[in-house]
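Data file: my_file18.txt. Format and content: compact mmCIF, C-alpha atoms.
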```txt
# COMPACT_ATOMS: atom_id res chain seq x y z
CA MET A 15 -0.91 -13.34 -154.44
CA ALA A 16 -1.24 -9.58 -153.95
CA ARG A 17 -3.65 -8.79 -151.12
CA ILE A 18 -5.73 -5.64 -151.28
CA ASN A 19 -6.74 -3.39 -148.40
CA ASP A 20 -10.17 -4.87 -147.64
CA ASN A 21 -11.17 -1.69 -145.81
CA PHE A 22 -11.80 -0.07 -149.18
CA LEU A 23 -14.58 -2.59 -149.75
CA LYS A 24 -16.52 -1.09 -146.83
CA LEU A 25 -16.93 2.21 -148.68
CA LYS A 26 -20.46 2.87 -149.84
CA ALA A 27 -20.79 3.50 -153.59
CA GLY A 28 -18.54 6.24 -154.99
CA TYR A 29 -17.22 9.39 -153.40
CA LEU A 30 -20.06 11.93 -153.40
CA PHE A 31 -18.82 14.41 -155.98
CA PRO A 32 -17.68 11.92 -158.63
CA GLU A 33 -21.11 10.28 -158.23
CA ILE A 34 -22.78 13.63 -158.84
CA GLY A 35 -20.53 14.12 -161.86
CA ARG A 36 -21.52 10.70 -163.20
CA ARG A 37 -25.23 11.49 -162.90
CA VAL A 38 -24.84 14.92 -164.43
CA GLY A 39 -22.81 13.44 -167.31
CA ALA A 40 -25.50 10.86 -168.01
CA TYR A 41 -28.17 13.57 -167.98
CA ALA A 42 -26.18 15.81 -170.33
CA ASP A 43 -25.58 12.93 -172.73
CA ALA A 44 -29.29 12.13 -172.79
CA ASN A 45 -30.30 15.79 -173.13
CA PRO A 46 -27.70 17.48 -175.38
CA ASP A 47 -30.05 20.37 -176.07
CA LYS A 48 -29.94 21.33 -172.36
CA ALA A 49 -26.24 20.78 -171.70
CA ALA A 50 -25.20 24.31 -172.70
CA SER A 51 -27.58 25.95 -170.22
CA LEU A 52 -26.81 23.59 -167.30
CA ILE A 53 -25.64 25.54 -164.24
CA LYS A 54 -23.51 23.70 -161.68
CA CYS A 55 -23.93 24.78 -158.06
CA GLY A 56 -22.94 21.41 -156.59
CA ILE A 57 -19.23 20.96 -155.97
CA GLY A 58 -17.63 23.90 -154.19
CA ASP A 59 -15.26 24.84 -157.00
CA VAL A 60 -14.36 28.46 -157.63
CA THR A 61 -15.17 30.10 -160.94
CA GLU A 62 -13.48 33.52 -160.92
CA PRO A 63 -9.95 34.10 -162.26
CA LEU A 64 -6.85 33.91 -160.08
CA PRO A 65 -6.08 37.30 -158.52
CA ALA A 66 -3.73 39.39 -160.63
CA ALA A 67 -1.15 39.57 -157.81
CA VAL A 68 -1.04 35.76 -157.69
CA ARG A 69 -0.65 35.42 -161.46
CA GLU A 70 2.15 37.96 -161.54
CA ALA A 71 4.02 36.22 -158.72
CA ILE A 72 3.71 32.83 -160.40
CA HIS A 73 4.95 34.24 -163.72
CA THR A 74 7.95 35.79 -161.98
CA ALA A 75 8.75 32.55 -160.19
CA VAL A 76 8.53 30.55 -163.43
CA ASP A 77 10.93 33.01 -165.06
CA GLU A 78 13.33 32.44 -162.14
CA LEU A 79 13.26 28.73 -162.90
CA GLY A 80 14.30 29.52 -166.47
CA ASN A 81 17.58 31.03 -165.32
CA ARG A 82 20.44 28.87 -164.03
CA ASP A 83 21.37 31.51 -161.41
CA THR A 84 17.88 31.59 -159.88
CA PHE A 85 16.76 28.04 -160.64
CA ARG A 86 15.47 25.96 -157.72
CA GLY A 87 15.07 22.20 -157.52
CA TYR A 88 13.75 20.39 -154.47
CA GLY A 89 12.44 22.80 -151.88
CA PRO A 90 12.01 22.27 -148.14
CA GLU A 91 9.32 19.65 -147.52
CA GLN A 92 7.71 21.79 -144.81
CA GLY A 93 7.48 24.77 -147.16
CA TYR A 94 9.55 27.83 -147.96
CA ASP A 95 10.20 30.22 -145.10
CA PHE A 96 8.88 33.19 -147.10
CA LEU A 97 5.39 31.68 -147.20
CA ARG A 98 5.35 30.26 -143.68
CA GLU A 99 6.44 33.60 -142.26
CA ALA A 100 3.83 35.47 -144.30
CA ILE A 101 1.14 33.13 -142.97
CA VAL A 102 2.15 33.73 -139.36
CA GLU A 103 2.34 37.49 -139.83
CA ASN A 104 -1.04 37.77 -141.55
CA CYS A 105 -3.12 34.92 -140.09
CA TYR A 106 -1.74 34.25 -136.63
CA ALA A 107 -0.51 37.61 -135.34
CA ASP A 108 -0.67 37.61 -131.53
CA LEU A 109 -1.84 33.97 -131.46
CA ASN A 110 1.48 32.46 -130.33
CA ILE A 111 2.09 30.54 -133.56
CA SER A 112 5.55 30.41 -135.15
CA ALA A 113 6.64 29.67 -138.71
CA ASN A 114 7.99 26.32 -137.48
CA ASP A 115 4.40 25.33 -136.63
CA ILE A 116 3.32 25.71 -140.29
CA PHE A 117 3.47 22.91 -142.87
CA ILE A 118 2.73 23.87 -146.49
CA SER A 119 0.90 21.24 -148.54
CA ASP A 120 -0.97 20.74 -151.81
CA GLY A 121 -4.46 20.83 -150.29
CA SER A 122 -6.52 20.51 -147.13
CA LYS A 123 -8.46 17.59 -148.57
CA CYS A 124 -5.18 15.66 -148.69
CA ASP A 125 -4.11 16.88 -145.27
CA THR A 126 -7.28 15.90 -143.43
CA GLY A 127 -6.93 12.39 -144.83
CA ASN A 128 -3.15 12.04 -144.58
CA ILE A 129 -3.08 13.14 -140.93
CA LEU A 130 -4.40 9.69 -140.02
CA ASP A 131 -1.00 8.22 -140.93
CA ILE A 132 0.40 9.37 -137.59
CA PHE A 133 -2.45 8.19 -135.34
CA GLY A 134 -2.57 4.60 -134.11
CA LYS A 135 -5.34 2.03 -133.95
CA GLY A 136 -7.91 2.06 -131.20
CA ASN A 137 -8.69 5.78 -131.14
CA LYS A 138 -12.34 6.66 -130.65
CA ILE A 139 -13.09 9.16 -133.41
CA ALA A 140 -15.95 11.68 -133.48
CA VAL A 141 -17.33 13.28 -136.63
CA THR A 142 -20.17 15.68 -137.15
CA ASP A 143 -23.24 14.53 -139.08
CA PRO A 144 -23.65 15.86 -141.75
CA VAL A 145 -19.93 15.86 -142.49
CA TYR A 146 -17.38 16.57 -145.21
CA PRO A 147 -17.11 13.01 -146.63
CA VAL A 148 -13.30 12.91 -146.63
CA TYR A 149 -13.18 12.72 -142.83
CA VAL A 150 -15.28 9.55 -142.78
CA ASP A 151 -14.03 7.82 -145.92
CA THR A 152 -10.36 8.13 -145.02
CA ASN A 153 -11.04 6.60 -141.61
CA VAL A 154 -12.78 3.73 -143.36
CA MET A 155 -9.84 3.28 -145.74
CA ILE A 156 -7.27 3.13 -142.96
CA GLY A 157 -9.25 0.60 -140.95
CA ASN A 158 -10.67 2.70 -138.11
CA THR A 159 -14.27 1.57 -138.67
CA GLY A 160 -16.46 -1.45 -139.06
CA GLU A 161 -19.20 -1.83 -141.64
CA ALA A 162 -21.82 0.80 -142.45
CA ASP A 163 -25.45 0.43 -141.41
CA GLU A 164 -28.44 1.05 -143.67
CA GLU A 165 -28.20 4.80 -143.12
CA GLY A 166 -24.51 4.87 -144.02
CA ARG A 167 -23.15 5.30 -140.48
CA TYR A 168 -20.00 3.29 -139.84
CA GLU A 169 -19.52 1.13 -136.79
CA GLY A 170 -16.74 2.50 -134.60
CA LEU A 171 -17.27 6.21 -135.32
CA VAL A 172 -19.05 8.52 -132.90
CA TYR A 173 -21.52 10.63 -134.86
CA LEU A 174 -22.37 14.10 -133.53
CA PRO A 175 -25.75 15.18 -134.92
CA CYS A 176 -25.90 18.70 -136.35
CA THR A 177 -29.49 19.86 -136.73
CA ALA A 178 -31.51 23.01 -137.11
CA GLU A 179 -32.27 22.73 -133.39
CA ASN A 180 -28.60 23.08 -132.41
CA ASP A 181 -27.78 25.52 -135.24
CA PHE A 182 -25.67 22.77 -136.86
CA VAL A 183 -23.06 22.94 -134.10
CA PRO A 184 -23.07 19.62 -132.21
CA ALA A 185 -23.43 19.14 -128.51
CA ILE A 186 -20.44 17.95 -126.50
CA PRO A 187 -20.58 14.12 -126.39
CA ASP A 188 -21.43 12.30 -123.16
CA GLU A 189 -18.72 9.73 -123.82
CA LYS A 190 -14.96 10.09 -124.07
CA VAL A 191 -13.48 10.36 -127.56
CA ASP A 192 -9.86 10.74 -128.65
CA ILE A 193 -10.00 12.58 -131.98
CA ILE A 194 -12.64 15.14 -132.97
CA TYR A 195 -13.23 16.54 -136.46
CA LEU A 196 -14.69 20.05 -136.48
CA CYS A 197 -15.16 22.27 -139.56
CA TYR A 198 -16.20 25.91 -139.09
CA PRO A 199 -17.39 27.79 -141.04
CA ASN A 200 -18.99 24.49 -141.87
CA ASN A 201 -19.07 22.49 -145.05
CA PRO A 202 -21.82 21.56 -145.92
CA SER A 203 -24.22 23.51 -143.68
CA GLY A 204 -22.57 26.93 -143.85
CA ALA A 205 -22.97 27.27 -140.08
CA SER A 206 -20.43 29.09 -137.92
CA ALA A 207 -19.38 28.26 -134.36
CA THR A 208 -19.37 30.91 -131.65
CA ARG A 209 -16.47 31.60 -129.32
CA GLU A 210 -18.46 30.06 -126.47
CA GLN A 211 -19.12 26.86 -128.44
CA LEU A 212 -15.47 26.45 -129.45
CA THR A 213 -14.38 27.13 -125.87
CA ALA A 214 -16.59 24.25 -124.73
CA TRP A 215 -14.93 21.94 -127.28
CA VAL A 216 -11.42 22.95 -126.24
CA THR A 217 -12.34 22.42 -122.59
CA TYR A 218 -13.70 18.96 -123.41
CA ALA A 219 -10.59 18.05 -125.43
CA LYS A 220 -8.24 19.07 -122.63
CA GLU A 221 -10.27 17.26 -119.97
CA ASN A 222 -10.34 14.07 -122.07
CA ASP A 223 -6.80 14.28 -123.49
CA ALA A 224 -8.33 14.45 -127.00
CA ILE A 225 -7.11 16.17 -130.16
CA ILE A 226 -9.31 18.45 -132.27
CA LEU A 227 -8.73 18.38 -136.04
CA TYR A 228 -10.06 21.83 -136.91
CA ASP A 229 -10.80 22.51 -140.58
CA ALA A 230 -10.84 26.27 -141.12
CA ALA A 231 -10.72 26.19 -144.91
CA TYR A 232 -13.53 28.79 -145.13
CA GLU A 233 -12.33 31.24 -142.47
CA ALA A 234 -11.87 34.03 -145.05
CA PHE A 235 -15.63 34.09 -145.62
CA ILE A 236 -16.51 35.01 -142.03
CA GLN A 237 -18.43 38.29 -142.02
CA ASP A 238 -19.24 38.50 -138.30
CA ASP A 239 -16.43 40.00 -136.20
CA ASP A 240 -17.56 37.95 -133.20
CA VAL A 241 -16.99 34.60 -134.96
CA PRO A 242 -13.47 33.19 -134.35
CA ARG A 243 -11.35 32.74 -137.48
CA SER A 244 -8.91 30.39 -135.77
CA ILE A 245 -9.24 27.73 -133.09
CA TYR A 246 -6.12 29.29 -131.54
CA GLU A 247 -8.15 32.30 -130.51
CA ILE A 248 -9.51 29.99 -127.83
CA GLU A 249 -7.44 29.65 -124.67
CA GLY A 250 -5.98 26.16 -124.34
CA ALA A 251 -6.31 25.23 -128.03
CA HIS A 252 -2.53 25.23 -128.46
CA GLU A 253 -2.43 22.09 -126.31
CA CYS A 254 -5.14 20.14 -128.10
CA ALA A 255 -5.83 21.33 -131.67
CA LEU A 256 -4.44 21.13 -135.20
CA GLU A 257 -5.76 23.63 -137.74
CA PHE A 258 -6.16 23.07 -141.49
CA ARG A 259 -6.33 26.03 -143.84
CA SER A 260 -6.38 26.41 -147.61
CA PHE A 261 -5.83 28.94 -150.38
CA SER A 262 -8.36 27.13 -152.57
CA LYS A 263 -11.50 29.14 -151.94
CA ASN A 264 -10.27 32.57 -150.86
CA GLY A 265 -7.49 32.75 -153.47
CA GLY A 266 -8.94 30.57 -156.21
CA PHE A 267 -6.30 27.85 -155.83
CA THR A 268 -8.57 24.83 -156.39
CA GLY A 269 -6.74 24.02 -159.62
CA ILE A 270 -3.18 24.91 -158.61
CA ARG A 271 -3.24 23.51 -155.05
CA CYS A 272 -1.78 25.03 -151.91
CA ALA A 273 -2.77 24.75 -148.26
CA TYR A 274 -1.22 24.34 -144.83
CA ILE A 275 -1.54 22.68 -141.44
CA THR A 276 -0.73 24.47 -138.21
CA ILE A 277 0.60 22.22 -135.43
CA PRO A 278 1.86 23.81 -132.20
CA GLU A 279 4.71 22.01 -130.44
CA THR A 280 2.52 21.61 -127.36
CA VAL A 281 0.02 19.22 -129.03
CA THR A 282 0.99 15.67 -128.08
CA GLY A 283 -0.25 12.10 -128.32
CA VAL A 284 0.61 8.99 -126.35
CA SER A 285 2.72 6.03 -127.52
CA ALA A 286 1.99 2.40 -126.68
CA THR A 287 4.39 2.75 -123.74
CA GLY A 288 2.66 5.86 -122.41
CA GLU A 289 5.28 8.33 -123.58
CA ARG A 290 4.06 11.76 -124.67
CA ILE A 291 5.06 12.38 -128.31
CA SER A 292 4.94 15.67 -130.24
CA ILE A 293 2.37 15.51 -133.05
CA LYS A 294 4.43 18.08 -134.95
CA GLN A 295 7.48 15.84 -134.75
CA LEU A 296 5.54 12.90 -136.23
CA TRP A 297 3.99 14.99 -138.99
CA ALA A 298 7.40 16.42 -139.90
CA ARG A 299 8.76 12.90 -140.21
CA ARG A 300 5.80 11.79 -142.30
CA THR A 301 6.06 14.87 -144.53
CA SER A 302 9.78 14.48 -145.21
CA THR A 303 9.21 10.82 -146.12
CA LYS A 304 6.13 11.05 -148.33
CA PHE A 305 6.13 14.58 -149.73
CA ASN A 306 8.59 16.74 -151.65
CA GLY A 307 6.78 19.99 -150.99
CA ALA A 308 4.38 22.21 -152.91
CA SER A 309 5.93 23.74 -156.03
CA TYR A 310 8.00 26.90 -155.77
CA PRO A 311 5.90 29.00 -158.23
CA ILE A 312 2.68 28.08 -156.42
CA GLN A 313 4.12 28.99 -153.03
CA ARG A 314 5.20 32.35 -154.46
CA GLY A 315 1.64 32.77 -155.72
CA ALA A 316 0.30 31.99 -152.25
CA GLU A 317 2.71 34.48 -150.70
CA ALA A 318 1.32 37.17 -153.05
CA ILE A 319 -2.11 36.77 -151.45
CA PHE A 320 -0.64 38.57 -148.44
CA SER A 321 0.65 41.55 -150.45
CA ASP A 322 -1.41 44.74 -150.32
CA ALA A 323 -2.71 44.14 -153.84
CA GLY A 324 -3.37 40.47 -153.11
CA LYS A 325 -5.33 41.23 -149.96
CA ALA A 326 -7.55 43.69 -151.81
CA GLN A 327 -8.14 41.19 -154.63
CA VAL A 328 -9.03 38.41 -152.19
CA VAL A 329 -11.50 40.70 -150.43
CA ALA A 330 -13.12 41.36 -153.80
CA LEU A 331 -13.38 37.62 -154.50
CA VAL A 332 -14.89 36.91 -151.09
CA ASP A 333 -17.36 39.79 -151.51
CA HIS A 334 -18.37 38.40 -154.90
CA TYR A 335 -19.09 34.90 -153.61
CA MET A 336 -20.80 36.11 -150.44
CA GLY A 337 -22.95 38.40 -152.59
CA ASN A 338 -23.97 35.28 -154.50
CA ALA A 339 -24.78 33.52 -151.23
CA LYS A 340 -27.01 36.41 -150.18
CA LEU A 341 -28.98 36.22 -153.44
CA LEU A 342 -29.43 32.45 -153.09
CA ARG A 343 -30.56 32.77 -149.47
CA GLU A 344 -33.09 35.44 -150.40
CA ALA A 345 -34.46 33.43 -153.33
CA CYS A 346 -34.95 30.28 -151.24
CA THR A 347 -36.52 32.26 -148.41
CA GLU A 348 -38.87 34.03 -150.83
CA ILE A 349 -40.32 30.71 -152.04
CA GLY A 350 -40.90 29.52 -148.48
CA LEU A 351 -37.99 27.15 -147.93
CA LYS A 352 -36.13 26.95 -144.62
CA VAL A 353 -32.66 28.33 -145.21
CA PHE A 354 -29.44 28.08 -143.19
CA GLY A 355 -25.84 29.13 -143.80
CA GLY A 356 -24.73 31.60 -146.45
CA GLU A 357 -23.91 34.32 -143.92
CA ASN A 358 -20.36 33.41 -142.85
CA ALA A 359 -19.73 30.75 -145.49
CA PRO A 360 -20.22 30.37 -149.27
CA TYR A 361 -22.72 27.53 -148.87
CA VAL A 362 -26.49 27.77 -148.51
CA TRP A 363 -28.09 24.81 -146.72
CA VAL A 364 -31.77 24.40 -147.53
CA ALA A 365 -34.50 22.12 -146.23
CA CYS A 366 -36.16 20.15 -149.03
CA PRO A 367 -39.81 20.80 -149.80
CA GLU A 368 -42.09 18.46 -147.91
CA GLY A 369 -42.23 14.98 -149.41
CA LEU A 370 -38.92 15.17 -151.26
CA THR A 371 -35.74 13.35 -150.23
CA SER A 372 -32.32 14.85 -150.85
CA TRP A 373 -31.76 12.84 -154.02
CA ASP A 374 -35.36 13.57 -155.13
CA MET A 375 -34.45 17.23 -154.85
CA PHE A 376 -31.25 16.67 -156.79
CA ASP A 377 -33.17 14.97 -159.61
CA LYS A 378 -35.89 17.63 -159.63
CA MET A 379 -33.41 20.49 -159.86
CA LEU A 380 -31.40 18.69 -162.55
CA THR A 381 -34.24 17.57 -164.80
CA GLU A 382 -36.66 20.49 -164.33
CA ALA A 383 -34.49 23.51 -163.48
CA ASN A 384 -31.32 22.32 -165.26
CA VAL A 385 -29.34 23.17 -162.11
CA VAL A 386 -26.92 20.94 -160.19
CA ILE A 387 -27.11 21.08 -156.38
CA THR A 388 -25.71 18.69 -153.76
CA PRO A 389 -28.03 16.26 -151.93
CA GLY A 390 -27.66 16.60 -148.17
CA SER A 391 -27.71 12.86 -147.59
CA GLY A 392 -24.38 12.65 -149.42
CA PHE A 393 -22.85 14.29 -146.35
CA GLY A 394 -24.30 11.77 -143.90
CA ALA A 395 -27.56 10.43 -142.55
CA ALA A 396 -28.38 13.68 -140.73
CA GLY A 397 -28.13 15.54 -144.03
CA GLU A 398 -31.20 13.78 -145.37
CA GLY A 399 -33.98 16.26 -146.08
CA TYR A 400 -31.56 19.05 -147.03
CA PHE A 401 -29.62 20.18 -150.08
CA ARG A 402 -26.60 22.43 -150.47
CA ILE A 403 -26.23 25.23 -153.01
CA SER A 404 -22.72 26.48 -153.66
CA ALA A 405 -22.25 30.23 -154.11
CA PHE A 406 -19.12 29.65 -156.18
CA ASN A 407 -20.30 30.89 -159.55
CA SER A 408 -20.63 33.96 -161.74
CA ARG A 409 -23.17 36.58 -160.67
CA GLU A 410 -25.03 36.06 -163.95
CA ASN A 411 -25.39 32.33 -163.29
CA VAL A 412 -26.49 32.85 -159.69
CA LYS A 413 -29.20 35.29 -160.75
CA GLU A 414 -30.40 32.73 -163.28
CA VAL A 415 -30.42 29.98 -160.62
CA CYS A 416 -32.55 32.23 -158.41
CA LYS A 417 -35.05 32.65 -161.26
CA ARG A 418 -35.18 28.91 -161.85
CA LEU A 419 -35.64 28.18 -158.13
CA LYS A 420 -38.65 30.47 -158.09
CA ALA A 421 -40.03 28.94 -161.28
CA TYR A 422 -39.73 25.26 -160.38
CA LEU A 423 -40.24 25.16 -156.59
```

With the file now loaded, output its structure as structure tokens.
Amino acid sequence: MARINDNFLKLKAGYLFPEIGRRVGAYADANPDKAASLIKCGIGDVTEPLPAAVREAIHTAVDELGNRDTFRGYGPEQGYDFLREAIVENCYADLNISANDIFISDGSKCDTGNILDIFGKGNKIAVTDPVYPVYVDTNVMIGNTGEADEEGRYEGLVYLPCTAENDFVPAIPDEKVDIIYLCYPNNPSGASATREQLTAWVTYAKENDAIILYDAAYEAFIQDDDVPRSIYEIEGAHECALEFRSFSKNGGFTGIRCAYITIPETVTGVSATGERISIKQLWARRTSTKFNGASYPIQRGAEAIFSDAGKAQVVALVDHYMGNAKLLREACTEIGLKVFGGENAPYVWVACPEGLTSWDMFDKMLTEANVVITPGSGFGAAGEGYFRISAFNSRENVKEVCKRLKAYL
């Protein structure tokens, strides 16, 4: 008899975005006359074409694979040196990070879930609330939680409330935890963490021998020079933090997949016998066992992001999406809604009109405005009463969404 992993049975309903897709599909099937004008501002998927520098690099790399003299088969599991070195030079200059600290992957979503492979049972794990669902669901899958309560909070996790009162950056917990998930600029709230706030978290992690899993997938969207782009800008972070970054949103790689984890040699965990073990060493072993590396053409495309032309094209993409965020913020503010985010991140986090739940708001926007948004409760109990609007769209569509917001709210 083949036994299943019963932890999967603890998961509540479907993963948020497939559930949204299911509901939108049912609506479109029932209302074919409206399907063509439906505007999707729910899932954070990019809409603009890959930068020209990226396309050219990928084409060149594919041509190399068509020639026996330049053909490449299996690449290094950790990633090609040309990309890892470009990342260090352009993203971690003067931050004491080396190319050997970089691991290229096929996406931060995968990385933030797969990282649990190297951590043992019994860790006390803290997550923000609201939260990117992958952090919670993968902990459920691997067996780090008990059952969920009526509000969807899982026994065994420490939830860190993020509210308008604390600017969606949680307070340091009173209790000791071992692993802390932080995402800034934040998905879903669009909030950013100050240098002072991140310093407090690093201090806490060092004092409690904890590890911070820092998701910086949206760092390219930071507009404020005072907001840190990397956790390694904070003194002491090299001893207690891993950083996840992605090419998905800044370079338009959501469909072709490329990301990376940064793990300094000085970040360690403890074995059952009390021995200090390098986290990088464990991740390298896991990577070489379970992963054959991101594809060569895609890594060449990622490298091109750091060329002069690529940098300029990425800036243009970021400016486009942040311009969308500004329009959405202004539209929601104009109709009297409380608005957060959208200033250092491509997400606008909005309080629902009085009397409407998050899913009520989802249904209202879908059926009346023909617009897809994301219900805040899908990101955790503390997200109830809010909804997220993604700025990843064409300017024409965003202007139309602004008109519909004003017409139906």

>> If we count all atoms listed in the file and set the cut-off at 10 Å, which residues sit around A:Glu398, ignoring sequence neighbours fewer than 5 positions away in its own chain? Please answer as a ChimeraX atom specification.
In response: /A:144,165,365-366,370-373,389-393

Using the selection just defined, write its residues with C-alpha atoms as a compact mmCIF listing (two decimals), in the coordinates of the input.
```
# COMPACT_ATOMS: atom_id res chain seq x y z
CA PRO A 144 -23.65 15.86 -141.75
CA GLU A 165 -28.20 4.80 -143.12
CA ALA A 365 -34.50 22.12 -146.23
CA CYS A 366 -36.16 20.15 -149.03
CA LEU A 370 -38.92 15.17 -151.26
CA THR A 371 -35.74 13.35 -150.23
CA SER A 372 -32.32 14.85 -150.85
CA TRP A 373 -31.76 12.84 -154.02
CA PRO A 389 -28.03 16.26 -151.93
CA GLY A 390 -27.66 16.60 -148.17
CA SER A 391 -27.71 12.86 -147.59
CA GLY A 392 -24.38 12.65 -149.42
CA PHE A 393 -22.85 14.29 -146.35
```

> Hey, what's within 10 Å of A:Arg300 if we count all atoms listed in the file and toss same-chain stuff fewer than 3 positions away? As a ChimeraX atom specification, please?
Replying inline: /A:128-129,131-132,294-297,303-305

> Quick one, how far is atom CA of A:Ala66 from atom CA of A:Ile312?
Replying inline: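 Going from atom CA of A:Ala66 over to atom CA of A:Ile312, I get 13.7 Å.
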
I'd like the contact shell of A:Ala345 - 10 Å cut-off, all atoms listed in the file, skipping same-chain residues fewer than 3 positions apart - returned as a PDB file with C-alpha atoms, keeping the file's coordinate frame.
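Dumped to out.pdb:
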```pdb
ATOM      1  CA  ALA A 339     -24.780  33.520-151.230  1.00  0.00           C
ATOM      2  CA  LYS A 340     -27.010  36.410-150.180  1.00  0.00           C
ATOM      3  CA  LEU A 341     -28.980  36.220-153.440  1.00  0.00           C
ATOM      4  CA  LEU A 342     -29.430  32.450-153.090  1.00  0.00           C
ATOM      5  CA  GLU A 348     -38.870  34.030-150.830  1.00  0.00           C
ATOM      6  CA  ILE A 349     -40.320  30.710-152.040  1.00  0.00           C
ATOM      7  CA  GLY A 350     -40.900  29.520-148.480  1.00  0.00           C
ATOM      8  CA  LEU A 351     -37.990  27.150-147.930  1.00  0.00           C
ATOM      9  CA  VAL A 353     -32.660  28.330-145.210  1.00  0.00           C
ATOM     10  CA  LYS A 413     -29.200  35.290-160.750  1.00  0.00           C
ATOM     11  CA  VAL A 415     -30.420  29.980-160.620  1.00  0.00           C
ATOM     12  CA  CYS A 416     -32.550  32.230-158.410  1.00  0.00           C
ATOM     13  CA  LYS A 417     -35.050  32.650-161.260  1.00  0.00           C
ATOM     14  CA  ARG A 418     -35.180  28.910-161.850  1.00  0.00           C
ATOM     15  CA  LEU A 419     -35.640  28.180-158.130  1.00  0.00           C
ATOM     16  CA  LYS A 420     -38.650  30.470-158.090  1.00  0.00           C
TER      17      LYS A 420
END
```

>> Could you list, as a PyMOL selection string, every residue within 8 Å of A:Gly266, counting all atoms listed in the file and ignoring same-chain residues fewer than 5 positions away?
In response: chain A and resi 60-65+261

>> Considering only C-alpha atoms, can you say which of A:Ser262, A:Asn358, A:Ser203, A:Asn158 comes closest to A:Asp333?
In response: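 Between A:Ser262, A:Asn358, A:Ser203, A:Asn158, the residue approaching A:Asp333 most closely is A:Asn358.
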
> Can you tell me, as a PyMOL selection string, what residues are no more than 12 Å from A:Ser321 when counting all atoms listed in the file, ignoring any on the same chain fewer than 5 positions away?
Replying inline: chain A and resi 65-68+70-71+97+100-101+103-104+314-316+326-328

>> Rounded to one decimal, what separation in Å do you get between atom CA of A:Glu189 and atom CA of A:Gly397?
In response: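 Between these atoms lies a distance of 23.0 Å.
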